[in-house]
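model_15.csv follows (CSV, C-alpha atoms and all ligand atoms):
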chain,number,residue,atom,x,y,z
A,1,LYS,CA,62.4,131.2,198.1
A,2,GLU,CA,59.4,131.6,195.8
A,3,VAL,CA,58.8,135.1,197.0
A,4,GLU,CA,62.4,135.8,196.3
A,5,THR,CA,62.2,134.7,192.7
A,6,GLN,CA,58.9,136.5,192.2
A,7,THR,CA,60.3,139.8,193.3
A,8,LYS,CA,63.6,139.5,191.5
A,9,LEU,CA,64.1,142.4,189.1
A,10,ALA,CA,64.5,141.8,185.4
A,11,ASN,CA,67.8,142.8,183.7
A,12,VAL,CA,67.2,145.4,181.1
A,13,VAL,CA,69.9,146.8,178.7
A,14,VAL,CA,69.3,150.3,177.3
A,15,LEU,CA,71.0,150.6,173.9
A,16,ALA,CA,71.3,154.3,173.0
A,17,THR,CA,71.5,155.5,169.5
A,18,GLY,CA,70.9,159.2,169.8
A,19,GLY,CA,67.9,161.3,168.6
A,20,THR,CA,65.9,163.9,170.4
A,21,ILE,CA,65.6,161.8,173.5
A,22,ALA,CA,69.3,162.5,173.9
A,23,GLY,CA,68.9,166.0,172.7
A,24,ALA,CA,69.7,169.4,174.4
A,25,GLY,CA,68.5,172.9,173.7
A,26,ALA,CA,69.8,176.3,174.8
A,27,SER,CA,66.8,177.1,176.9
A,28,ALA,CA,63.8,175.3,178.5
A,29,ALA,CA,61.6,177.2,175.9
A,30,ASN,CA,63.3,175.3,173.1
A,31,SER,CA,61.0,172.4,172.4
A,32,ALA,CA,61.7,172.3,168.6
A,33,THR,CA,65.0,174.1,168.3
A,34,TYR,CA,67.8,172.0,169.8
A,35,GLN,CA,70.6,169.6,168.9
A,36,ALA,CA,69.7,165.9,168.8
A,37,ALA,CA,72.1,163.2,170.0
A,38,LYS,CA,74.0,165.1,172.6
A,39,VAL,CA,73.4,163.3,175.9
A,40,GLY,CA,75.1,160.0,176.7
A,41,VAL,CA,73.2,156.9,177.9
A,42,GLU,CA,74.6,157.0,181.4
A,43,GLN,CA,73.2,160.5,181.9
A,44,LEU,CA,69.8,159.4,180.5
A,45,ILE,CA,69.5,156.5,182.9
A,46,ALA,CA,70.8,158.6,185.9
A,47,GLY,CA,68.1,161.2,185.2
A,48,ILE,CA,65.4,158.6,186.1
A,49,PRO,CA,66.3,157.2,189.5
A,50,GLU,CA,62.8,155.5,189.6
A,51,LEU,CA,64.1,153.0,186.9
A,52,SER,CA,65.9,151.1,189.7
A,53,LYS,CA,62.5,150.1,191.1
A,54,LEU,CA,61.5,148.6,187.7
A,55,ALA,CA,64.6,146.7,186.7
A,56,ASN,CA,68.4,146.3,186.9
A,57,VAL,CA,69.2,148.7,184.1
A,58,ARG,CA,72.5,149.1,182.4
A,59,GLY,CA,73.3,151.2,179.4
A,60,GLU,CA,75.4,150.9,176.2
A,61,GLN,CA,76.0,153.7,173.7
A,62,VAL,CA,75.8,152.0,170.3
A,63,MET,CA,76.0,155.2,168.3
A,64,GLN,CA,75.1,158.9,168.8
A,65,ILE,CA,73.2,160.2,165.8
A,66,ALA,CA,70.0,161.9,164.8
A,67,SER,CA,67.9,159.2,163.3
A,68,GLU,CA,67.5,160.9,159.9
A,69,SER,CA,71.1,160.0,159.3
A,70,ILE,CA,70.7,156.2,160.1
A,71,THR,CA,72.3,154.1,157.4
A,72,ASN,CA,71.8,150.4,156.5
A,73,ASP,CA,75.1,149.7,158.2
A,74,ASN,CA,73.8,151.3,161.4
A,75,LEU,CA,70.7,149.1,161.2
A,76,LEU,CA,72.9,146.0,160.8
A,77,GLN,CA,75.2,147.1,163.6
A,78,LEU,CA,72.3,147.7,166.0
A,79,GLY,CA,70.5,144.5,164.9
A,80,ARG,CA,73.6,142.4,165.6
A,81,ARG,CA,74.1,143.9,169.1
A,82,VAL,CA,70.4,143.4,169.9
A,83,SER,CA,70.7,139.8,168.8
A,84,GLU,CA,73.8,139.2,171.0
A,85,LEU,CA,72.1,140.6,174.0
A,86,ALA,CA,68.9,138.7,173.4
A,87,ASP,CA,71.0,135.5,173.3
A,88,SER,CA,72.6,136.3,176.6
A,89,LYS,CA,71.1,134.5,179.7
A,90,ASP,CA,71.4,137.5,182.0
A,91,VAL,CA,69.4,139.8,179.7
A,92,ASP,CA,65.6,139.8,180.1
A,93,GLY,CA,64.7,142.8,178.0
A,94,ILE,CA,66.2,145.4,175.6
A,95,VAL,CA,65.3,149.0,175.2
A,96,ILE,CA,66.6,151.1,172.3
A,97,THR,CA,66.6,154.9,172.6
A,98,HIS,CA,66.3,156.3,169.1
A,99,GLY,CA,65.4,159.4,167.1
A,100,THR,CA,61.8,159.5,166.1
A,101,ASP,CA,62.3,160.4,162.4
A,102,THR,CA,63.2,156.8,161.4
A,103,LEU,CA,62.2,155.0,164.6
A,104,GLU,CA,59.4,153.2,162.7
A,105,GLU,CA,61.9,151.9,160.2
A,106,THR,CA,64.3,150.5,162.8
A,107,ALA,CA,61.5,149.1,164.9
A,108,TYR,CA,60.1,147.2,161.9
A,109,PHE,CA,63.6,146.0,160.8
A,110,LEU,CA,64.2,144.5,164.3
A,111,ASN,CA,60.7,143.0,164.3
A,112,LEU,CA,61.6,141.1,161.1
A,113,VAL,CA,65.1,139.9,161.9
A,114,GLU,CA,65.5,139.3,165.7
A,115,LYS,CA,65.1,135.7,166.7
A,116,THR,CA,63.9,136.2,170.3
A,117,ASP,CA,60.7,136.4,172.3
A,118,LYS,CA,62.4,138.7,174.9
A,119,PRO,CA,60.9,142.2,174.9
A,120,ILE,CA,62.6,144.7,172.5
A,121,ILE,CA,61.2,148.2,173.0
A,122,VAL,CA,62.2,151.1,170.8
A,123,VAL,CA,61.6,154.6,172.3
A,124,GLY,CA,62.2,158.2,171.5
A,125,SER,CA,60.9,161.6,172.4
A,126,MET,CA,59.5,164.6,170.6
A,127,ARG,CA,61.1,167.2,172.9
A,128,PRO,CA,64.7,167.3,174.2
A,129,GLY,CA,65.2,166.6,177.9
A,130,THR,CA,66.1,170.3,178.5
A,131,ALA,CA,62.6,171.5,177.4
A,132,MET,CA,59.6,172.2,179.5
A,133,SER,CA,57.3,169.2,179.5
A,134,ALA,CA,59.9,167.0,178.0
A,135,ASP,CA,58.4,163.6,177.1
A,136,GLY,CA,61.6,161.5,177.0
A,137,MET,CA,61.8,160.7,180.7
A,138,LEU,CA,58.3,159.1,180.9
A,139,ASN,CA,58.7,157.4,177.5
A,140,LEU,CA,61.9,155.8,178.6
A,141,TYR,CA,60.5,154.9,182.0
A,142,ASN,CA,57.6,153.2,180.2
A,143,ALA,CA,59.9,151.4,177.8
A,144,VAL,CA,61.9,149.9,180.7
A,145,ALA,CA,58.6,149.0,182.4
A,146,VAL,CA,57.4,147.1,179.3
A,147,ALA,CA,60.8,145.6,178.7
A,148,SER,CA,60.9,144.1,182.2
A,149,SER,CA,57.4,142.7,182.0
A,150,LYS,CA,56.7,139.0,181.2
A,151,GLU,CA,53.5,140.0,179.3
A,152,ALA,CA,55.6,141.8,176.7
A,153,ARG,CA,57.4,138.6,175.6
A,154,GLY,CA,56.6,137.2,172.2
A,155,LYS,CA,54.7,140.3,171.0
A,156,GLY,CA,57.3,141.4,168.6
A,157,VAL,CA,59.2,144.7,168.7
A,158,LEU,CA,57.3,147.4,170.5
A,159,VAL,CA,57.3,151.1,170.7
A,160,THR,CA,56.3,153.1,173.8
A,161,MET,CA,55.4,156.7,173.1
A,162,ASN,CA,52.9,159.0,174.8
A,163,ASP,CA,51.8,156.2,177.3
A,164,GLU,CA,50.8,153.9,174.4
A,165,ILE,CA,52.3,150.5,173.5
A,166,GLN,CA,52.4,150.2,169.8
A,167,SER,CA,53.5,147.4,167.5
A,168,GLY,CA,56.8,148.3,165.8
A,169,ARG,CA,55.4,147.0,162.6
A,170,ASP,CA,52.3,149.2,162.5
A,171,VAL,CA,53.4,152.4,164.1
A,172,SER,CA,54.4,155.6,162.3
A,173,LYS,CA,55.3,159.1,163.1
A,174,MET,CA,52.2,161.0,161.9
A,175,ILE,CA,53.1,164.5,163.0
A,176,ASN,CA,56.3,166.1,164.0
A,177,ILE,CA,55.3,168.9,166.4
A,178,LYS,CA,53.1,167.0,169.0
A,179,THR,CA,54.0,164.6,171.7
A,180,GLU,CA,51.2,162.4,170.4
A,181,ALA,CA,53.2,161.8,167.3
A,182,PHE,CA,53.1,158.1,166.9
A,183,LYS,CA,50.0,156.3,165.7
A,184,SER,CA,49.1,153.1,164.0
A,185,PRO,CA,46.3,152.8,161.5
A,186,TRP,CA,45.1,149.7,163.5
A,187,GLY,CA,45.4,151.2,167.0
A,188,PRO,CA,47.8,150.6,169.9
A,189,LEU,CA,48.3,147.2,171.4
A,190,GLY,CA,48.1,148.5,175.0
A,191,MET,CA,48.8,151.3,177.5
A,192,VAL,CA,51.5,151.7,180.1
A,193,VAL,CA,50.4,153.6,183.2
A,194,GLU,CA,52.6,154.2,186.2
A,195,GLY,CA,55.0,151.4,185.2
A,196,LYS,CA,52.2,148.8,184.6
A,197,SER,CA,51.2,147.5,181.2
A,198,TYR,CA,47.6,147.0,180.1
A,199,TRP,CA,47.2,144.9,176.9
A,200,PHE,CA,44.2,145.0,174.5
A,201,ARG,CA,45.3,143.2,171.3
A,202,LEU,CA,48.1,141.2,169.6
A,203,PRO,CA,50.0,141.7,166.4
A,204,ALA,CA,48.6,139.4,163.6
A,205,LYS,CA,51.6,139.5,161.2
A,206,ARG,CA,54.7,137.3,161.4
A,207,HIS,CA,57.6,138.6,163.5
A,208,THR,CA,60.7,137.7,165.5
A,209,MET,CA,60.5,134.0,166.5
A,210,ASP,CA,58.0,133.3,163.7
A,211,SER,CA,60.0,135.2,161.1
A,212,GLU,CA,61.9,133.5,158.3
A,213,PHE,CA,64.6,136.2,158.5
A,214,ASP,CA,67.5,136.2,160.9
A,215,ILE,CA,70.0,139.0,161.5
A,216,LYS,CA,72.7,136.3,161.9
A,217,ASN,CA,72.3,135.4,158.2
A,218,ILE,CA,72.2,138.9,156.8
A,219,LYS,CA,75.7,140.1,155.7
A,220,SER,CA,74.5,143.3,153.9
A,221,LEU,CA,71.3,144.9,152.7
A,222,PRO,CA,70.6,145.5,149.0
A,223,ASP,CA,69.9,148.9,147.6
A,224,VAL,CA,66.2,149.7,147.7
A,225,GLU,CA,65.0,153.2,147.0
A,226,ILE,CA,61.8,155.2,147.1
A,227,ALA,CA,60.3,157.4,144.4
A,228,TYR,CA,57.5,159.8,145.4
A,229,SER,CA,54.5,160.3,143.3
A,230,TYR,CA,52.3,163.4,142.8
A,231,GLY,CA,50.4,165.3,140.1
A,232,ASN,CA,52.6,166.1,137.0
A,233,VAL,CA,55.2,163.5,138.1
A,234,ASP,CA,57.4,162.0,135.4
A,235,ASP,CA,59.7,159.0,135.2
A,236,THR,CA,63.1,160.8,135.8
A,237,ALA,CA,63.5,159.7,139.5
A,238,TYR,CA,62.6,156.1,138.8
A,239,LYS,CA,65.0,155.8,135.9
A,240,ALA,CA,67.8,157.5,137.9
A,241,LEU,CA,67.4,155.3,140.9
A,242,ALA,CA,67.5,152.1,138.8
A,243,GLN,CA,70.5,153.4,136.9
A,244,ALA,CA,72.2,154.0,140.2
A,245,GLY,CA,71.8,150.4,141.1
A,246,ALA,CA,68.5,150.0,142.9
A,247,LYS,CA,67.4,146.4,143.1
A,248,ALA,CA,63.8,147.4,143.9
A,249,ILE,CA,62.0,150.7,143.7
A,250,ILE,CA,59.2,151.5,146.2
A,251,HIS,CA,56.6,153.6,144.4
A,252,ALA,CA,55.4,156.0,147.0
A,253,GLY,CA,52.1,156.3,145.2
A,254,THR,CA,49.0,158.4,145.5
A,255,GLY,CA,45.8,156.8,146.9
A,256,ASN,CA,45.8,153.1,146.3
A,257,GLY,CA,49.4,153.2,145.1
A,258,SER,CA,48.2,154.5,141.8
A,259,VAL,CA,50.7,155.2,139.1
A,260,SER,CA,50.7,158.1,136.7
A,261,SER,CA,50.3,157.2,133.0
A,262,ARG,CA,53.4,159.2,132.5
A,263,VAL,CA,55.4,156.8,134.6
A,264,VAL,CA,53.8,153.4,133.8
A,265,PRO,CA,56.0,152.7,130.6
A,266,ALA,CA,59.2,153.3,132.5
A,267,LEU,CA,58.1,151.0,135.4
A,268,GLN,CA,57.2,148.2,132.9
A,269,ALA,CA,60.6,148.6,131.3
A,270,LEU,CA,62.5,148.6,134.6
A,271,ARG,CA,60.7,145.4,135.7
A,272,LYS,CA,61.7,143.8,132.4
A,273,ASP,CA,65.3,144.8,133.3
A,274,GLY,CA,65.0,142.9,136.6
A,275,VAL,CA,64.2,145.8,139.0
A,276,GLN,CA,61.4,144.9,141.4
A,277,ILE,CA,58.5,147.4,141.4
A,278,ILE,CA,56.7,147.7,144.7
A,279,ARG,CA,53.5,149.8,144.8
A,280,SER,CA,52.8,151.5,148.2
A,281,SER,CA,50.8,154.6,149.1
A,282,HIS,CA,51.9,157.8,150.8
A,283,VAL,CA,48.4,158.8,152.1
A,284,ASN,CA,48.7,160.3,155.5
A,285,ALA,CA,46.6,158.1,157.8
A,286,GLY,CA,48.0,154.9,156.3
A,287,GLY,CA,47.6,153.4,152.8
A,288,PHE,CA,46.1,150.1,151.9
A,289,VAL,CA,47.2,149.0,148.4
A,290,LEU,CA,45.3,146.1,146.8
A,291,ARG,CA,46.7,143.9,144.1
A,292,ASN,CA,45.4,144.5,140.6
A,293,ALA,CA,43.4,147.5,141.7
A,294,GLU,CA,44.4,150.7,139.8
A,295,GLN,CA,47.1,148.8,138.0
A,296,PRO,CA,47.3,145.2,136.6
A,297,ASP,CA,50.0,143.9,138.9
A,298,ASP,CA,49.7,140.3,137.6
A,299,LYS,CA,50.3,141.4,134.0
A,300,TYR,CA,53.2,143.8,134.8
A,301,ASP,CA,54.7,141.4,137.5
A,302,TRP,CA,54.7,144.2,140.1
A,303,VAL,CA,54.3,143.7,143.9
A,304,VAL,CA,52.0,145.6,146.2
A,305,ALA,CA,53.1,146.8,149.7
A,306,HIS,CA,49.7,146.0,151.4
A,307,ASP,CA,49.3,148.5,154.3
A,308,LEU,CA,53.1,149.3,154.6
A,309,ASN,CA,54.0,152.9,154.1
A,310,PRO,CA,56.8,153.5,151.6
A,311,GLN,CA,59.6,153.7,154.3
A,312,LYS,CA,58.4,150.5,155.9
A,313,ALA,CA,58.0,148.8,152.5
A,314,ARG,CA,61.6,149.7,151.8
A,315,ILE,CA,62.7,147.9,155.0
A,316,LEU,CA,60.8,144.7,154.2
A,317,ALA,CA,62.0,144.8,150.6
A,318,MET,CA,65.6,145.0,151.6
A,319,VAL,CA,65.2,142.1,154.1
A,320,ALA,CA,63.2,140.0,151.7
A,321,LEU,CA,65.7,140.5,148.8
A,322,THR,CA,68.4,138.9,151.0
A,323,LYS,CA,66.4,135.7,150.5
A,324,THR,CA,64.7,135.8,147.1
A,325,ASN,CA,64.4,137.9,144.0
A,326,ASP,CA,61.2,136.1,142.9
A,327,SER,CA,58.3,138.6,142.7
A,328,LYS,CA,55.7,136.0,143.8
A,329,GLU,CA,57.8,135.2,146.9
A,330,LEU,CA,58.2,138.9,147.6
A,331,GLN,CA,54.4,139.4,147.3
A,332,ARG,CA,53.9,136.5,149.8
A,333,MET,CA,56.2,138.2,152.2
A,334,PHE,CA,54.4,141.5,151.8
A,335,TRP,CA,51.1,139.8,152.8
A,336,GLU,CA,52.6,137.9,155.7
A,337,TYR,CA,54.8,140.5,157.4
B,1,LIG,N1,62.3,163.8,167.6
B,1,LIG,C1,63.4,163.3,167.1
B,1,LIG,O1,64.0,162.4,167.6
B,1,LIG,C2,63.8,163.9,165.8
B,1,LIG,C3,65.2,163.8,165.4
B,1,LIG,N2,65.5,164.5,164.2
B,1,LIG,C4,65.7,162.4,165.2
B,1,LIG,O2,65.0,161.6,164.6
B,1,LIG,O3,66.7,162.0,165.7
Translate this file's structure into C-alpha cells.
Amino acid sequence: KEVETQTKLANVVVLATGGTIAGAGASAANSATYQAAKVGVEQLIAGIPELSKLANVRGEQVMQIASESITNDNLLQLGRRVSELADSKDVDGIVITHGTDTLEETAYFLNLVEKTDKPIIVVGSMRPGTAMSADGMLNLYNAVAVASSKEARGKGVLVTMNDEIQSGRDVSKMINIKTEAFKSPWGPLGMVVEGKSYWFRLPAKRHTMDSEFDIKNIKSLPDVEIAYSYGNVDDTAYKALAQAGAKAIIHAGTGNGSVSSRVVPALQALRKDGVQIIRSSHVNAGGFVLRNAEQPDDKYDWVVAHDLNPQKARILAMVALTKTNDSKELQRMFWEY
C-alpha cells in the first residue's frame, strides 16, 4: 500500500494561454518569423508522450493569444481559473503555458494573488514548435516535472525556462533572440534536469500563502501606467497618462530611478492631485531604487519600486491599490513583495 501511494502520479493541469510555445512557422528555419498562439493545448501535450511518466496531465485552453496582447481582464480570468483549480482536491500542480513577452508580469501577478502552496509554474518558449532546436517541448516537460514535485510546494509561482527554475517574482525576459532569455538579477532558485529538480535557494519576499492579496477579493484592477525616461524627456506623457485616468504612474527611470528636472514639477503636481508616483529603474540587468536617493521621496510623498522593473512595479501597484491608496502602505508593500 505504501509503495502504491509513493508511486502515485501527481495530477497536473496545463492551462494554455498562447504565445510562441503554441506558435507555428512556415519552415523549420523560421525561429523568429512565425505566428504565435496557433497550436491548441491538446496538441502541445500530445507532442510530449514522456509527460505521462511524470504526471497525469490534462489540458485546458484558457485563451489563445500572443502575450503582448494580455489585458488586465485576461490576468483576472487566468488568476481566477488558477485559484479554482488550486482549491480542487484532485489537482496537485498547475502549469501555465504563456507567451514570453509578458510572462514575467503574469508570473508575478499570480505570485501575489494565489492563495495556495501547490506548485504553479509558468512556462513559454523562445522558438515555435515548428523550428529547429525548438525549446518549448523541454521547457514544458520541465514545467510539468516541477509542478508534480513535492519540493516545489510553497515556493511561490515559478518559471521553468532553459533548464532553470526561476522565481516568478524575480525573473525577467532579458533578451528576445536567445533561448537563455530569462534571468533574475538574484539568480535562479534551482535547475531541472531529466525531469528531476535540484534546489539551491528560496524566495525571501512574501508570496502566495503569505500574501495579503487574494484573487477571490479582486473584482477589477485599477489603471496604472508606465512612463519611460531618457535624455531630453519632458512631462507630456506623465500628464497625459494622469489625465486619461491613471491612479498611479510608474516612472521607468534612468539609473536609480532618477527623474529629469524637466519632469519633477509635473510629478509633484500630479501627486498633489492624488496620483501615486512610483519611481522604478529601466536599467537592463535589473534596477535597485533606493528611497530618498536621487530624489527626496519623503518630501514629495513618492514611492520607490525597490528592485522591481517598471512592468513588475505596475503589477504590484495595481494589486496594492485594490487594498489601499496610502503611499506609506504602498511603500511597505514595495519592500515586502
Ligand atoms: N516568445 C514569445 O512567446 C513571444 C510572443 N510574442 C509572446 O509573448 O506571445
Ligand LIG 1 (chain B) neighbours within 10 Å using only C-alpha atoms and all ligand atoms, as a VMD selection string: chain A and resid 17 to 23 31 to 32 34 to 37 64 to 70 97 to 103 123 to 128 136 173 176 to 179 181
Of the listed residues A:Val275, A:Ser281, A:Asp210, A:Ser197, that which approaches Tyr230 of chain A most closely, counting only C-alpha atoms: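 Going through A:Val275, A:Ser281, A:Asp210, A:Ser197 one by one, the smallest distance to Tyr230 of chain A is for A:Ser281.
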Counting only C-alpha atoms, the residue of A:Glu84, A:Thr160, A:Leu330, A:Ser261 that sits nearest Val233 of chain A: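 Smallest distance to Val233 of chain A is found for A:Ser261.
The residue that comes closest to Trp186 of chain A, out of A:Lys219, A:Lys53, A:Lys150, A:Arg201 and on the basis of all atoms listed in the file, is A:Arg201.
When all atoms listed in the file are used to compute distances to Ala16 of chain A, the closest of the residues A:Gln43, A:Thr71, A:Gln61, A:Thr116 turns out to be A:Gln61.
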Spatial neighbours of Leu202 of chain A, 10 Å, only C-alpha atoms, chain gap at least 5 places, as a CSV table (one decimal) with C-alpha atoms, keeping the file's coordinate frame:
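Below is the file around37.csv, written as the result:
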chain,number,residue,atom,x,y,z
A,154,GLY,CA,56.6,137.2,172.2
A,155,LYS,CA,54.7,140.3,171.0
A,156,GLY,CA,57.3,141.4,168.6
A,166,GLN,CA,52.4,150.2,169.8
A,167,SER,CA,53.5,147.4,167.5
A,188,PRO,CA,47.8,150.6,169.9
A,189,LEU,CA,48.3,147.2,171.4
A,190,GLY,CA,48.1,148.5,175.0
Residue nearest Thr130 of chain A - candidates A:Val224, A:Glu180, A:Ala29, A:His207, atoms counted: all atoms listed in the file: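 Counting all atoms listed in the file, the residue closest to Thr130 of chain A is A:Ala29.
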Atomic separation - atom CA of Val304 of chain A relative to atom CA of Gly79 of chain A, Å: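 Atom CA of Val304 of chain A lies at a distance of 26.3 Å from atom CA of Gly79 of chain A.
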Counting all atoms listed in the file, the option among A:Gly287, A:Gly187, A:Gly129, A:Gly245 closest to Pro222 of chain A: A:Gly245
Selected segment 188-198 of chain A, written as a short mmCIF file (atom, residue, chain, number, x, y, z; two decimals), in the first residue's frame, all heavy atoms:
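Now in decode04.cif:
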data_model
loop_
_atom_site.label_atom_id
_atom_site.label_comp_id
_atom_site.auth_asym_id
_atom_site.auth_seq_id
_atom_site.Cartn_x
_atom_site.Cartn_y
_atom_site.Cartn_z
N PRO A 188 18.86 32.01 -10.37
CA PRO A 188 17.76 31.03 -10.35
C PRO A 188 17.65 30.35 -8.98
O PRO A 188 18.60 30.37 -8.20
CB PRO A 188 18.16 30.02 -11.42
CG PRO A 188 19.63 30.17 -11.59
CD PRO A 188 19.99 31.57 -11.20
N LEU A 189 16.47 29.77 -8.72
CA LEU A 189 16.28 29.03 -7.45
C LEU A 189 16.81 27.61 -7.57
O LEU A 189 17.18 27.00 -6.58
CB LEU A 189 14.80 28.97 -7.09
CG LEU A 189 14.06 30.30 -6.94
CD1 LEU A 189 12.60 30.04 -6.59
CD2 LEU A 189 14.73 31.15 -5.88
N GLY A 190 16.81 27.10 -8.80
CA GLY A 190 17.24 25.71 -8.98
C GLY A 190 17.37 25.35 -10.44
O GLY A 190 17.27 26.22 -11.32
N MET A 191 17.60 24.07 -10.66
CA MET A 191 17.74 23.53 -12.01
C MET A 191 16.80 22.35 -12.14
O MET A 191 16.52 21.66 -11.16
CB MET A 191 19.17 23.02 -12.25
CG MET A 191 20.26 24.06 -12.22
SD MET A 191 20.20 25.15 -13.64
CE MET A 191 20.53 24.02 -15.00
N VAL A 192 16.35 22.09 -13.37
CA VAL A 192 15.61 20.84 -13.60
C VAL A 192 16.31 20.10 -14.73
O VAL A 192 16.57 20.65 -15.80
CB VAL A 192 14.09 21.09 -13.80
CG1 VAL A 192 13.80 22.18 -14.78
CG2 VAL A 192 13.37 19.81 -14.16
N VAL A 193 16.70 18.87 -14.42
CA VAL A 193 17.48 18.06 -15.37
C VAL A 193 16.85 16.68 -15.48
O VAL A 193 16.65 16.00 -14.46
CB VAL A 193 18.95 17.91 -14.89
CG1 VAL A 193 19.78 17.15 -15.93
CG2 VAL A 193 19.59 19.28 -14.62
N GLU A 194 16.49 16.31 -16.68
CA GLU A 194 15.88 15.00 -16.95
C GLU A 194 14.71 14.72 -16.02
O GLU A 194 14.58 13.64 -15.45
CB GLU A 194 16.93 13.89 -16.88
CG GLU A 194 17.99 14.04 -17.97
CD GLU A 194 18.92 12.84 -18.07
OE1 GLU A 194 18.75 11.89 -17.29
OE2 GLU A 194 19.80 12.88 -18.94
N GLY A 195 13.89 15.73 -15.81
CA GLY A 195 12.67 15.55 -15.02
C GLY A 195 12.87 15.59 -13.52
O GLY A 195 11.93 15.37 -12.76
N LYS A 196 14.07 15.89 -13.07
CA LYS A 196 14.31 15.97 -11.62
C LYS A 196 14.77 17.39 -11.25
O LYS A 196 15.58 17.98 -11.95
CB LYS A 196 15.38 14.95 -11.24
CG LYS A 196 15.49 14.76 -9.74
CD LYS A 196 16.38 13.62 -9.36
CE LYS A 196 16.77 13.64 -7.87
NZ LYS A 196 16.08 14.56 -7.00
N SER A 197 14.20 17.90 -10.14
CA SER A 197 14.54 19.27 -9.72
C SER A 197 15.68 19.26 -8.70
O SER A 197 15.74 18.39 -7.84
CB SER A 197 13.35 19.94 -9.03
OG SER A 197 12.16 19.62 -9.67
N TYR A 198 16.53 20.26 -8.83
CA TYR A 198 17.63 20.46 -7.87
C TYR A 198 17.54 21.89 -7.37
O TYR A 198 17.65 22.83 -8.16
CB TYR A 198 18.99 20.23 -8.56
CG TYR A 198 19.13 18.82 -9.12
CD1 TYR A 198 18.65 18.53 -10.40
CD2 TYR A 198 19.71 17.81 -8.38
CE1 TYR A 198 18.75 17.24 -10.91
CE2 TYR A 198 19.83 16.52 -8.89
CZ TYR A 198 19.34 16.24 -10.16
OH TYR A 198 19.43 14.98 -10.67
#
